[in-house]
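Here is the structure we will look at, set down as C-alpha cells.
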There are 2 protein chains.
Amino acid sequence: MDIYSLPLPVVRRLPKYYRQLDDLVYDGVERISSGKLAEMMNITASQVRQDFSFFGKLGQQGYGYNVKTLKNEIGVVLGIDVPRTVALFGMGHLGRALTQHFEFSKYNYSLAAAFEINPDLVGSTVNGVRIYHYNQLQTYLASHKVDAAILAVPRSAARYTAREIVDLGIKFLWNFTNVDLKLPERDAFIEDVHFSDSLLCLSYYMK
Amino acid sequence: MDIYSLPLPVVRRLPKYYRQLDDLVYDGVERISSGKLAEMMNITASQVRQDFSFFGKLGQQGYGYNVKTLKNEIGVVLGIDVPRTVALFGMGHLGRALTQHFEFSKYNYSLAAAFEINPDLVGSTVNGVRIYHYNQLQTYLASHKVDAAILAVPRSAARYTAREIVDLGIKFLWNFTNVDLKLPERDAFIEDVHFSDSLLCLSYYMK
DNA sequence: TAGATTGTTAATCGATTAACAATC
DNA sequence: TAGATTGTTAATCGATTAACAATC
C-alpha cells in the first residue's frame, strides 16, 4: 500500500509509535520486538506488525526491529524529513505558549512569523518570532513560503480568519479555536485541537 | 444501552454534536432533522440517528429533533449537569493560557487552585486562581474536593507528578504534557491532549 | 390525509486480532 | 540447530451505512 493513503486509525497511531521509539532511543535500547512494543503501548502485537507492514518490511524474524531504523522510517512516513514553515495567527496566551514552549524544531518545523491585529503587539518579537499586523499578511506571503497556519485567534474571529488565510494560499491549518471551521474539504486540510471536546470526554468518563 | 458504556467513537462525537447544537440554539433554530444536522457536520444521517438512539428516543417522526432538548440531553450524557472542580499543575505559559482563556464555567467546571514549584509564583493569583506551592497539595486536598487535575508541567516532571497526584486521590487527568503517562488504567483515567501528535498528523497529510 | 422523518434492524464495510508458515 | 519473531492471510469483531416499517 502507498504510504500516503494509510487508514486514518493507523496515521493517528504513528506519532505514538514515534514517541515511544524516541524514548527507547533515549534509553539506549537497540532492538525491540512487536510484542514488547505492544506491551509498552497497551495494544496488541498483531496491530503493531499489521501497522508497520503498511509501509515496508522493517523487521527481521527472530530479532525484531532496530529501534533507530524504525523510528527514522516512521519519521519519514510522517514527513519529519521535510522542513516546514508555519505562521501563527493570534498572539494571545495560547499563541504565546506555543511560541515560547512548543519545540517546533523537533519536528522539523520553523515558526517564521506571527500575525496580530492588536497594534500594541505588532512590531515586537516573542522568542525571536516577529509579530506582523494581520493586514501585512498578503505582502508577507508574496516573499515567504508558508506551509501551514496555526489558528489561535479568538472564537469570534475563527471562521473569517480561516477563510482569508486559505484564500491567500495556505492550505493546512492547525486549529486551536474550538470552532468547527466548516471550510470545504477540497479547500484545506484542518487538524483540530479542540480543548473543549477533550474536556467534555473527560466529563463523560467521570460519571 | 446504558449511557455510561457508549462506544468510544460515539463518545468522541458527542462534544461535536453539542457544539453544533449550541450554534443552532444561538442562531435561534428550534428544530433540526438528522439529515440537516448530518449535512452540517459532514457525516451521515444514519450515523446521527444511530448515535442518538443509544441514549433515548429524542426525536419525533415527521418533525425531527427539538434543538434545545437535544442539546440538553447530550449535555447530561456528557455530564455537564454535574459541577466539577479542577486543579492546575504547572503555571507556565500553557497553564496561564488555560487559566485566563479557557471558559471552564461553560462546561460547569471550576478551576479552584493552581500548584507550582517556582517560589516566585507561589502566593500570587492568575485570573483569580490562587497559586500554591506543590508541597501544599496534600494539605489542600484534605479540605478541598478536586475532581480532576490539569497536567501542564514540563515534560521532565510529567510522570512523577502524575504518579503523585493520582496517589493523593485525584483520578482524572487532563494531560497536556505530550508524554504518555503510563499509569495503570485502574489507577486513573487520562485524557490526553498531545499537541505534538496532532502536528505530526498534519505533517503526514502535507506530503 | 400526505409528506417527512424517526428508531431500529439488516447489510456492508473496515479495523483488529489470531494464527501460522517463513526465516533470521 | 532451536528458539524467536516477523509478515501476511484468515477470522473475528465492531462501526457505519442502508433500508424501511412505524408514526407524527
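Going by the C-alpha cells order, chains are called A, B, ..., each with residues numbered from 1, while ligands are numbered from 1 in the order shown.
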What are the DSSP strand (DSSP E or B) residues of region 62-164 of chain A, as a ChimeraX atom specification? /A:64-66,84-89,109-116,125-126,129-133,148-151
Contact check, chain A to chain C, at most 9 Å, counting only C-alpha atoms (C1' of nucleotides), closest pairs as a Markdown table:
```
| residue | atom | partner | partner_atom | distance |
| --- | --- | --- | --- | --- |
| A:Pro9 | CA | C:DA15 | C1' | 8.4 |
| A:Thr44 | CA | C:DT17 | C1' | 7.9 |
| A:Ser46 | CA | C:DT17 | C1' | 6.6 |
| A:Gln47 | CA | C:DT16 | C1' | 6.9 |
| A:Gln60 | CA | C:DC24 | C1' | 6.3 |
| A:Gln61 | CA | C:DC24 | C1' | 4.9 |
| A:Gly62 | CA | C:DC24 | C1' | 5.4 |
| A:Tyr63 | CA | C:DC24 | C1' | 7.0 |
```
Can you list, as a compact mmCIF listing (two decimals) with N, CA and C atoms, in the first residue's frame, every protein, DNA or RNA residue that comes within 6 Å of region 127-144 of chain A when you count only C-alpha atoms (C1' of nucleotides), leaving out same-chain residues fewer than 6 positions away?
```txt
# COMPACT_ATOMS: atom_id res chain seq x y z
N GLN A 100 6.62 30.11 22.78
CA GLN A 100 7.72 30.01 23.72
C GLN A 100 8.06 28.58 24.13
N ALA A 113 6.71 33.47 11.51
CA ALA A 113 6.10 34.78 11.74
C ALA A 113 4.80 34.63 12.49
N ALA A 114 4.39 35.73 13.12
CA ALA A 114 3.09 35.74 13.79
C ALA A 114 2.30 36.95 13.29
N PHE A 115 0.99 36.81 13.28
CA PHE A 115 0.14 37.90 12.82
C PHE A 115 -0.91 38.22 13.88
N GLU A 116 -1.09 39.53 14.09
CA GLU A 116 -1.98 40.01 15.14
C GLU A 116 -2.75 41.22 14.63
N ILE A 117 -3.84 41.57 15.30
CA ILE A 117 -4.48 42.84 14.94
C ILE A 117 -4.27 43.88 16.05
```
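If we count only C-alpha atoms, these residues of chain A sit within 6 Å of chain B: A:Pro15, A:Leu78, A:Gly79, A:His93, A:Leu94, A:Ala97, A:Asp197, A:Ser203, A:Tyr204.
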Take CA of Val29 (chain A) and CA of Ala157 (chain B) and report the distance between them in Å, one decimal.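 Separation between CA of Val29 (chain A) and CA of Ala157 (chain B): 22.1 Å.
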I need the helix (DSSP H, G or I) residues of region 63-189 of chain A per DSSP on the backbone, written as a ChimeraX atom specification. /A:67-77,93-101,104-107,134-143,155-167
